[in-house]
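Next comes run-v6.cif, with mmCIF, C-alpha atoms.
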data_my_file
loop_
_atom_site.label_atom_id
_atom_site.label_comp_id
_atom_site.auth_asym_id
_atom_site.auth_seq_id
_atom_site.Cartn_x
_atom_site.Cartn_y
_atom_site.Cartn_z
CA MET A 1 12.44 25.39 3.70
CA PRO A 2 11.83 21.73 4.59
CA ARG A 3 14.73 19.42 5.29
CA LEU A 4 15.33 16.03 3.73
CA ALA A 5 14.17 14.49 7.01
CA ASP A 6 10.81 16.25 6.60
CA LEU A 7 10.32 14.87 3.09
CA THR A 8 11.42 11.41 4.20
CA ALA A 9 9.00 11.42 7.14
CA VAL A 10 6.06 12.28 4.88
CA LEU A 11 6.94 9.70 2.23
CA ASP A 12 7.53 7.04 4.88
CA ALA A 13 4.10 7.80 6.34
CA TRP A 14 2.47 7.33 2.92
CA PHE A 15 4.64 4.35 1.94
CA ASP A 16 5.78 2.78 5.18
CA PRO A 17 9.06 0.88 4.64
CA ARG A 18 7.71 -1.84 6.95
CA TRP A 19 5.18 -2.73 4.23
CA ALA A 20 7.93 -3.67 1.78
CA GLU A 21 8.70 -7.28 0.90
CA SER A 22 11.58 -8.84 2.83
CA TRP A 23 13.72 -9.03 -0.32
CA ASP A 24 13.19 -5.38 -1.23
CA ALA A 25 15.53 -2.42 -0.66
CA VAL A 26 13.54 0.71 0.14
CA GLY A 27 14.07 3.94 2.03
CA LEU A 28 16.86 6.50 1.95
CA VAL A 29 19.83 5.31 -0.10
CA CYS A 30 22.01 8.39 0.32
CA GLY A 31 21.64 11.92 1.60
CA ASP A 32 21.95 14.03 4.74
CA PRO A 33 18.63 14.25 6.62
CA ASP A 34 19.50 17.75 7.84
CA GLU A 35 20.04 19.21 4.37
CA PRO A 36 17.33 21.54 3.01
CA VAL A 37 15.29 20.45 0.00
CA GLU A 38 13.80 22.92 -2.45
CA ARG A 39 13.44 20.70 -5.53
CA VAL A 40 12.43 17.03 -5.93
CA LEU A 41 12.50 14.82 -9.03
CA LEU A 42 10.34 11.71 -9.28
CA ALA A 43 11.20 8.82 -11.64
CA VAL A 44 10.52 5.12 -11.99
CA ASP A 45 14.20 4.17 -12.30
CA ALA A 46 17.50 5.44 -10.94
CA VAL A 47 19.57 5.18 -14.12
CA PRO A 48 22.26 7.45 -15.59
CA ALA A 49 19.68 9.50 -17.50
CA THR A 50 17.45 10.24 -14.51
CA VAL A 51 20.40 10.88 -12.18
CA ALA A 52 21.78 13.33 -14.75
CA GLU A 53 18.34 14.94 -14.97
CA ALA A 54 18.19 15.36 -11.19
CA VAL A 55 21.68 16.89 -11.06
CA GLY A 56 20.90 19.17 -14.01
CA LEU A 57 17.69 20.40 -12.38
CA GLY A 58 19.46 21.15 -9.15
CA ALA A 59 17.22 18.72 -7.30
CA GLN A 60 18.19 17.84 -3.75
CA LEU A 61 16.12 14.63 -3.78
CA LEU A 62 15.51 11.94 -6.38
CA VAL A 63 12.61 9.65 -5.50
CA THR A 64 12.36 6.47 -7.55
CA HIS A 65 10.06 3.47 -7.54
CA HIS A 66 12.68 0.91 -8.48
CA PRO A 67 15.68 0.43 -6.18
CA LEU A 68 19.14 1.26 -7.42
CA LEU A 69 20.72 -1.26 -5.02
CA LEU A 70 18.17 -4.08 -5.02
CA THR A 71 20.70 -6.85 -4.45
CA GLY A 72 23.11 -6.80 -1.53
CA VAL A 73 26.33 -4.86 -2.02
CA HIS A 74 29.52 -4.64 0.03
CA GLY A 75 30.69 -1.37 -1.42
CA VAL A 76 29.89 1.41 -3.88
CA PRO A 77 33.20 2.22 -5.59
CA ALA A 78 33.01 4.98 -8.16
CA ASP A 79 34.24 2.68 -10.94
CA ASP A 80 31.24 0.37 -10.45
CA PRO A 81 28.15 1.23 -12.58
CA LYS A 82 25.80 1.49 -9.61
CA GLY A 83 28.45 2.84 -7.25
CA GLY A 84 29.26 5.49 -9.83
CA LEU A 85 25.66 6.70 -9.74
CA VAL A 86 25.75 6.91 -5.95
CA HIS A 87 28.94 8.98 -6.14
CA ARG A 88 27.43 11.21 -8.82
CA MET A 89 24.37 11.88 -6.66
CA ILE A 90 26.44 12.62 -3.57
CA ARG A 91 28.76 14.94 -5.48
CA GLY A 92 25.72 16.68 -6.99
CA GLY A 93 24.00 17.10 -3.64
CA VAL A 94 21.16 14.76 -4.61
CA ALA A 95 19.68 12.44 -2.01
CA HIS A 96 18.00 9.27 -3.21
CA LEU A 97 14.92 7.62 -1.72
CA VAL A 98 13.16 4.44 -2.92
CA ALA A 99 9.50 3.48 -2.45
CA HIS A 100 8.98 0.13 -4.18
CA THR A 101 6.84 -2.73 -2.89
CA ASN A 102 5.79 -0.52 0.02
CA ALA A 103 4.24 1.79 -2.60
CA ASP A 104 2.75 -1.18 -4.46
CA VAL A 105 0.61 -2.13 -1.46
CA ALA A 106 -0.14 1.38 -0.19
CA SER A 107 -3.58 2.90 -0.38
CA PRO A 108 -3.41 4.94 -2.50
CA GLY A 109 -0.49 3.37 -4.26
CA VAL A 110 0.90 2.30 -7.62
CA SER A 111 -2.13 0.27 -8.74
CA ASP A 112 -4.58 3.00 -7.68
CA ALA A 113 -2.85 5.38 -10.07
CA LEU A 114 -3.02 2.75 -12.82
CA ALA A 115 -6.72 2.10 -12.15
CA ALA A 116 -7.43 5.84 -12.32
CA ARG A 117 -6.20 5.92 -15.93
CA PHE A 118 -9.21 3.74 -16.78
CA GLY A 119 -11.67 5.45 -14.47
CA LEU A 120 -12.26 2.25 -12.52
CA ARG A 121 -14.83 2.58 -9.75
CA ASP A 122 -15.47 0.75 -6.47
CA LEU A 123 -11.85 -0.30 -6.16
CA GLN A 124 -10.78 -3.15 -3.92
CA PRO A 125 -7.30 -4.64 -3.41
CA LEU A 126 -6.70 -7.66 -5.59
CA ASP A 127 -4.58 -9.25 -2.87
CA PRO A 128 -5.59 -7.43 0.32
CA GLN A 129 -3.23 -7.32 3.24
CA PRO A 130 -4.71 -7.87 6.67
CA GLY A 131 -5.31 -4.74 8.66
CA PRO A 132 -3.43 -4.11 11.90
CA ALA A 133 -3.65 -6.86 14.52
CA LEU A 134 -6.39 -5.95 16.99
CA ASP A 135 -7.73 -7.16 20.31
CA LYS A 136 -11.15 -6.61 21.89
CA LEU A 137 -10.95 -5.33 25.46
CA VAL A 138 -13.93 -5.84 27.76
CA VAL A 139 -13.69 -4.33 31.23
CA PHE A 140 -16.25 -4.11 34.03
CA VAL A 141 -16.09 -0.91 36.05
CA PRO A 142 -18.39 0.86 38.56
CA THR A 143 -20.74 2.99 36.49
CA ALA A 144 -19.51 6.21 38.07
CA GLU A 145 -16.00 5.39 36.81
CA ARG A 146 -17.01 4.53 33.23
CA GLU A 147 -16.07 7.82 31.54
CA PRO A 148 -12.73 8.24 33.36
CA MET A 149 -11.91 4.63 32.44
CA ILE A 150 -12.68 5.25 28.76
CA ASP A 151 -10.50 8.37 28.85
CA ALA A 152 -7.60 6.46 30.41
CA LEU A 153 -7.83 3.58 27.95
CA ALA A 154 -8.07 5.96 24.98
CA ALA A 155 -4.98 7.84 26.16
CA ALA A 156 -3.11 4.51 26.20
CA GLY A 157 -4.08 3.75 22.59
CA ALA A 158 -7.41 1.90 22.81
CA GLY A 159 -10.53 2.84 20.89
CA ARG A 160 -8.91 4.16 17.70
CA LEU A 161 -10.89 3.39 14.51
CA GLY A 162 -9.66 5.12 11.37
CA ASP A 163 -10.08 8.87 11.84
CA TYR A 164 -11.94 8.44 15.13
CA ASP A 165 -10.65 7.94 18.64
CA ARG A 166 -12.13 7.17 22.06
CA CYS A 167 -14.51 4.70 20.40
CA ALA A 168 -16.25 2.58 23.04
CA TRP A 169 -19.48 0.71 23.70
CA SER A 170 -20.98 0.20 27.13
CA SER A 171 -23.97 -1.41 28.81
CA GLU A 172 -25.17 -1.45 32.39
CA GLY A 173 -25.66 -4.36 34.79
CA ASP A 174 -24.96 -5.68 38.25
CA GLY A 175 -21.55 -6.93 39.29
CA THR A 176 -21.28 -9.30 42.22
CA PHE A 177 -18.32 -10.58 44.18
CA ARG A 178 -17.30 -11.76 47.67
CA PRO A 179 -13.92 -10.67 49.07
CA LEU A 180 -11.96 -13.51 50.66
CA ALA A 181 -9.45 -13.50 53.47
CA GLY A 182 -6.42 -11.38 52.53
CA ALA A 183 -8.40 -9.09 50.20
CA HIS A 184 -8.51 -5.32 50.64
CA PRO A 185 -11.73 -4.48 48.78
CA THR A 186 -12.55 -0.98 47.62
CA LEU A 187 -16.22 -1.83 48.15
CA GLY A 188 -17.79 -4.36 50.49
CA ALA A 189 -16.32 -6.41 53.30
CA VAL A 190 -14.37 -9.66 53.56
CA GLY A 191 -16.69 -12.66 53.56
CA GLU A 192 -19.77 -10.72 52.44
CA ILE A 193 -21.42 -10.78 49.01
CA GLU A 194 -21.39 -7.35 47.38
CA ARG A 195 -23.50 -6.12 44.47
CA VAL A 196 -22.44 -3.05 42.50
CA GLY A 197 -23.95 -1.22 39.56
CA GLU A 198 -21.31 -1.66 36.87
CA SER A 199 -20.72 -0.75 33.24
CA ARG A 200 -19.38 -3.21 30.70
CA VAL A 201 -17.00 -1.20 28.48
CA GLU A 202 -15.71 -2.58 25.15
CA MET A 203 -12.90 -1.03 23.13
CA ILE A 204 -10.61 -2.06 20.30
CA VAL A 205 -6.93 -2.33 21.22
CA PRO A 206 -3.99 -2.54 18.78
CA SER A 207 -2.24 -5.78 19.67
CA ASP A 208 1.10 -4.01 20.03
CA ALA A 209 -0.46 -1.73 22.68
CA ARG A 210 -1.69 -4.53 24.94
CA ALA A 211 0.80 -3.90 27.74
CA SER A 212 0.27 -0.15 27.91
CA VAL A 213 -3.52 -0.44 27.76
CA VAL A 214 -3.68 -3.09 30.48
CA ALA A 215 -1.37 -0.98 32.64
CA ALA A 216 -3.64 2.03 32.12
CA LEU A 217 -6.68 -0.10 32.97
CA ARG A 218 -5.19 -1.27 36.25
CA ALA A 219 -4.06 2.25 37.16
CA ALA A 220 -7.49 3.79 36.47
CA HIS A 221 -9.61 1.05 38.04
CA SER A 222 -10.60 1.41 41.67
CA TYR A 223 -10.84 -2.34 42.26
CA GLU A 224 -8.01 -4.35 43.72
CA GLU A 225 -8.63 -7.06 41.09
CA PRO A 226 -10.30 -5.58 37.98
CA ALA A 227 -12.34 -7.99 35.87
CA PHE A 228 -11.52 -7.76 32.16
CA ASP A 229 -11.16 -9.83 29.00
CA LEU A 230 -8.61 -9.25 26.25
CA LEU A 231 -9.56 -11.24 23.13
CA PRO A 232 -7.49 -11.47 19.90
CA MET A 233 -9.63 -10.63 16.87
CA ALA A 234 -9.60 -12.43 13.55
CA PRO A 235 -7.57 -10.69 10.81
CA ILE A 236 -9.67 -8.29 8.76
CA PRO A 237 -8.59 -7.40 5.19
CA GLY A 238 -7.53 -3.78 5.02
CA ALA A 239 -7.45 -1.17 2.27
CA ARG A 240 -3.81 -1.91 1.52
CA GLY A 241 -2.74 -4.68 -0.80
CA THR A 242 -1.34 -5.55 -4.21
CA GLY A 243 -3.32 -4.70 -7.35
CA ARG A 244 -6.81 -3.32 -7.66
CA VAL A 245 -10.08 -4.58 -9.14
CA GLY A 246 -13.01 -2.37 -10.09
CA GLU A 247 -15.68 -1.54 -12.62
CA LEU A 248 -15.50 0.45 -15.84
CA ALA A 249 -18.03 3.25 -16.13
CA ALA A 250 -19.22 1.66 -19.38
CA GLY A 251 -18.59 -1.78 -20.81
CA SER A 252 -16.37 -2.37 -23.80
CA THR A 253 -14.84 -5.19 -25.79
CA LEU A 254 -11.34 -6.50 -25.17
CA ARG A 255 -10.23 -4.88 -28.40
CA GLU A 256 -11.59 -1.49 -27.29
CA PHE A 257 -10.12 -1.85 -23.83
CA THR A 258 -6.70 -2.69 -25.26
CA GLU A 259 -6.83 0.33 -27.57
CA ARG A 260 -7.82 2.47 -24.61
CA ALA A 261 -4.87 1.13 -22.61
CA ALA A 262 -2.50 2.10 -25.41
CA ALA A 263 -4.01 5.59 -25.40
CA VAL A 264 -4.05 6.31 -21.64
CA LEU A 265 -0.74 4.72 -20.61
CA PRO A 266 2.58 6.48 -21.23
CA PRO A 267 3.78 5.53 -24.73
CA THR A 268 6.51 2.92 -25.05
CA ALA A 269 8.05 0.86 -27.84
CA TRP A 270 6.53 -2.19 -26.17
CA GLY A 271 3.02 -0.83 -26.48
CA VAL A 272 0.11 -2.96 -25.29
CA ARG A 273 -0.91 -6.47 -26.32
CA ALA A 274 -3.83 -8.63 -25.29
CA ALA A 275 -4.66 -12.33 -25.09
CA GLY A 276 -8.24 -13.48 -25.47
CA ASP A 277 -11.23 -13.09 -27.76
CA PRO A 278 -11.04 -9.52 -29.13
CA ASP A 279 -14.83 -9.26 -28.99
CA ARG A 280 -15.32 -10.55 -25.45
CA PRO A 281 -17.16 -8.09 -23.17
CA VAL A 282 -15.09 -6.26 -20.57
CA ARG A 283 -16.64 -4.51 -17.60
CA ARG A 284 -14.87 -5.69 -14.45
CA VAL A 285 -11.13 -4.98 -14.62
CA ALA A 286 -8.17 -5.99 -12.50
CA VAL A 287 -4.91 -4.04 -12.73
CA CYS A 288 -1.52 -4.53 -11.15
CA GLY A 289 1.38 -2.16 -11.68
CA GLY A 290 4.60 -3.97 -12.55
CA SER A 291 4.95 -7.75 -12.76
CA GLY A 292 1.49 -8.95 -11.76
CA GLY A 293 1.07 -12.20 -13.69
CA GLY A 294 1.16 -14.13 -10.43
CA TYR A 295 -2.13 -12.51 -9.42
CA ALA A 296 -4.12 -13.89 -12.37
CA ASP A 297 -5.91 -16.48 -10.25
CA LEU A 298 -6.90 -13.82 -7.73
CA ALA A 299 -8.20 -11.63 -10.55
CA ARG A 300 -10.18 -14.56 -11.89
CA ALA A 301 -11.58 -15.28 -8.42
CA ALA A 302 -12.63 -11.62 -8.21
CA ASP A 303 -14.72 -12.14 -11.38
CA ALA A 304 -12.51 -9.84 -13.44
CA ASP A 305 -13.07 -9.98 -17.19
CA VAL A 306 -9.48 -8.91 -17.79
CA LEU A 307 -6.22 -8.43 -15.91
CA LEU A 308 -3.91 -5.65 -17.09
CA THR A 309 -0.34 -5.90 -15.85
CA ALA A 310 3.21 -6.38 -17.17
CA ASP A 311 5.81 -9.07 -17.84
CA LEU A 312 3.31 -11.83 -18.64
CA LYS A 313 4.79 -15.21 -19.55
CA HIS A 314 3.78 -17.41 -22.46
CA HIS A 315 2.66 -20.63 -20.76
CA PRO A 316 0.49 -19.08 -18.01
CA VAL A 317 -1.15 -16.87 -20.63
CA VAL A 318 -1.88 -19.83 -22.91
CA GLU A 319 -3.35 -21.76 -20.00
CA GLY A 320 -5.31 -18.78 -18.77
CA VAL A 321 -7.08 -17.97 -22.02
CA THR A 322 -7.41 -21.38 -23.67
CA GLU A 323 -7.66 -24.09 -21.02
CA ARG A 324 -10.14 -22.75 -18.50
CA GLY A 325 -13.33 -22.82 -20.54
CA PRO A 326 -15.97 -20.62 -18.92
CA GLU A 327 -13.38 -19.50 -16.32
CA ALA A 328 -11.15 -18.01 -19.01
CA MET A 329 -10.09 -14.42 -18.45
CA ALA A 330 -8.50 -12.03 -20.89
CA LEU A 331 -5.01 -10.74 -20.19
CA VAL A 332 -3.47 -7.43 -21.25
CA ASP A 333 0.29 -7.05 -21.18
CA ALA A 334 1.71 -3.51 -21.06
CA ALA A 335 5.27 -2.30 -20.55
CA HIS A 336 6.43 -2.62 -16.95
CA TRP A 337 7.54 1.03 -16.82
CA ALA A 338 4.26 2.28 -18.29
CA THR A 339 2.13 0.55 -15.64
CA GLU A 340 4.08 2.23 -12.82
CA ALA A 341 4.83 5.68 -14.24
CA PRO A 342 1.29 7.04 -13.55
CA TRP A 343 2.03 6.76 -9.82
CA LEU A 344 4.66 9.48 -10.13
CA ASP A 345 2.05 12.11 -10.96
CA ASP A 346 -0.03 11.10 -7.95
CA VAL A 347 2.94 11.35 -5.59
CA ALA A 348 3.91 14.70 -7.09
CA ALA A 349 0.41 16.06 -6.54
CA ALA A 350 0.41 14.80 -2.95
CA LEU A 351 3.80 16.39 -2.22
CA ARG A 352 2.67 19.71 -3.68
CA GLY A 353 -0.43 19.53 -1.53
CA ARG A 354 1.67 18.83 1.56
CA PHE A 355 4.53 21.30 1.04
CA GLY A 356 2.94 23.92 -1.22
CA THR A 357 5.35 26.27 -2.93
CA THR A 358 8.19 25.55 -0.51
CA VAL A 359 9.23 22.56 -2.65
CA ASP A 360 9.36 22.43 -6.44
CA VAL A 361 8.24 18.91 -7.38
CA ARG A 362 8.99 17.61 -10.88
CA VAL A 363 8.15 14.32 -12.62
CA SER A 364 10.72 12.92 -15.04
CA ARG A 365 9.26 12.40 -18.50
CA LEU A 366 12.22 10.32 -19.60
CA VAL A 367 11.12 6.90 -20.80
CA THR A 368 13.35 4.45 -18.95
CA ASP A 369 11.56 1.36 -20.24
CA PRO A 370 14.46 -0.71 -21.62
CA TRP A 371 12.69 -1.79 -24.83
CA THR A 372 13.49 0.63 -27.67
CA ILE A 373 12.22 -0.99 -30.87
CA HIS A 374 8.98 -2.75 -31.76
CA ALA A 375 8.40 -4.15 -35.22
CA ALA A 376 5.00 -5.72 -35.87
CA SER A 377 5.02 -8.97 -37.81
CA PRO A 378 4.03 -8.39 -41.46
CA ASP A 379 0.99 -10.14 -42.86
CA LEU A 380 -0.17 -11.35 -39.45
CA PRO A 381 -2.82 -14.01 -40.12
CA GLU A 382 -6.27 -13.82 -38.55
CA ARG A 383 -6.84 -15.91 -35.45
CA GLY A 384 -7.67 -19.47 -36.56
CA SER A 385 -6.23 -18.99 -40.07
CA THR A 386 -4.07 -21.72 -41.58
CA LYS A 387 -1.97 -19.18 -43.50
CA SER A 388 1.73 -19.94 -43.12
CA THR A 389 3.93 -17.40 -41.44
#
Starting from the file, lay out its structure as structure tokens.
Amino acid sequence: MPRLADLTAVLDAWFDPRWAESWDAVGLVCGDPDEPVERVLLAVDAVPATVAEAVGLGAQLLVTHHPLLLTGVHGVPADDPKGGLVHRMIRGGVAHLVAHTNADVASPGVSDALAARFGLRDLQPLDPQPGPALDKLVVFVPTAEREPMIDALAAAGAGRLGDYDRCAWSSEGDGTFRPLAGAHPTLGAVGEIERVGESRVEMIVPSDARASVVAALRAAHSYEEPAFDLLPMAPIPGARGTGRVGELAAGSTLREFTERAAAVLPPTAWGVRAAGDPDRPVRRVAVCGGSGGGYADLARAADADVLLTADLKHHPVVEGVTERGPEAMALVDAAHWATEAPWLDDVAAALRGRFGTTVDVRVSRLVTDPWTIHAASPDLPERGSTKST
């Protein structure tokens, strides 16, 4: 049976806490890493209802998207609302782990799950994060030493590209040098020009591995003074990032897309509302789980016909759909909880795939969206009507 530490290691690999925003509170909130885990509950929120559900199920781990302790605390007394939940989890043997903004930017992450509900294709991050910082290493080595040099550099961390390692490029040429007084050349003699058949070897190096790679280069090279270049590379957008933008399999109108959103997202009292011409064509769609109104300009720059997200504010929406003329983009506002809940099913499937039957993974179906009542306005006038309300 896996331990809590095993579950935490897997979730941290998928949703690295280092990816979280500086203001966020992610990772393990409570729990003993050495305790075994046979049942996990996934939920958007750590609230009394979901904590009670976890305890009632006999779960040893509650994973939530939203942090319980988002703002700084100096204590968790049992008579405090949040402290009381921590005590209840500890007494019930339930550990708590949070994956919030680190899950928002992961690939796959929260917005991938949201995009999948609409069958969006050719997904790209709406706000891509740069990939890992990389350097380009160029080293000149006697041709006979080329393969051992590549092996040594690869062992130190160079030449890793995605699911490939020992990636290198080489070309052949002549190296020339003249040892000066005080030199102890491997080849040639002091004061004499030497020409050697050399290979130029190029490999990618993670910037945080510079020291170890250079040390490996010097140790593997036969020359007293190896010739090499180490060049910082420009940042390259990676697969991770906030939001997603992609294409619908078939075009629709804004009205049809909004109705589809109401059908494919988990039902809430809030429902789904849209701003824009109901008959405008929709084919390219941007989505952002949670509060994504701040990414409207990026969605517009990505040529999205519509942005679906949550917590949209009145004035930016008015400006976005009425003041931009041909740059206008439709906006669809769904419940915050509903745009993030689909991610739970994806994480559950991934955990089942990783741990098989050794862990029973459940997804909470409790609706923790705070809005409980929605009453539509009676006799809503048609857009452009002068009927008094």
Tell me, counting only C-alpha atoms, for each residue of region 298-379 of chain A within 7 Å of region 114-136 of chain A, which pair of atoms is nearest and how far apart they are in Å to one decimal, in rows ordered by chain and increasing number, as CSV.
residue,atom,partner,partner_atom,distance
A:Leu298,CA,A:Leu126,CA,6.5
A:Ala299,CA,A:Leu126,CA,6.5
A:Thr339,CA,A:Leu114,CA,6.3
A:Pro342,CA,A:Leu114,CA,6.1
- Query: If you apply the PyMOL selection byres ((chain A and resi 248) around 7) to this file, what residues do you get, as a ChimeraX atom specification?
  - Reply: /A:119-121,246-247,249-251,283-284
- Task: Output the residue selection produced by the PyMOL selection byres ((chain A and resi 356-365) around 9) on the file above, formatted as JSON, numbers by chain.
- Result: {"A": [1, 2, 37, 38, 39, 40, 41, 42, 43, 44, 50, 53, 54, 59, 344, 345, 348, 349, 351, 352, 353, 354, 355, 366, 367, 368]}
Considering only C-alpha atoms, tabulate each residue of region 26-100 of chain A that lies at most 7 Å from region 14-20 of chain A along with its nearest interatomic pair and the corresponding distance in Å to one decimal; arrange the rows by chain and ascending residue number and present them as CSV.
residue,atom,partner,partner_atom,distance
A:Val26,CA,A:Pro17,CA,6.4
A:Gly27,CA,A:Pro17,CA,6.4
A:Ala99,CA,A:Phe15,CA,6.6
- Selection dump of the PyMOL selection byres ((chain A and resi 340) around 9), as a ChimeraX atom specification: /A:44,65,110-111,113-114,288-290,336-339,341-344
- Got a sec: who's within 12 Å of Ala376 (chain A), counting all atoms listed in the file, leaving out chain neighbours fewer than 6 positions off, as a PyMOL selection string? chain A and resi 269-273
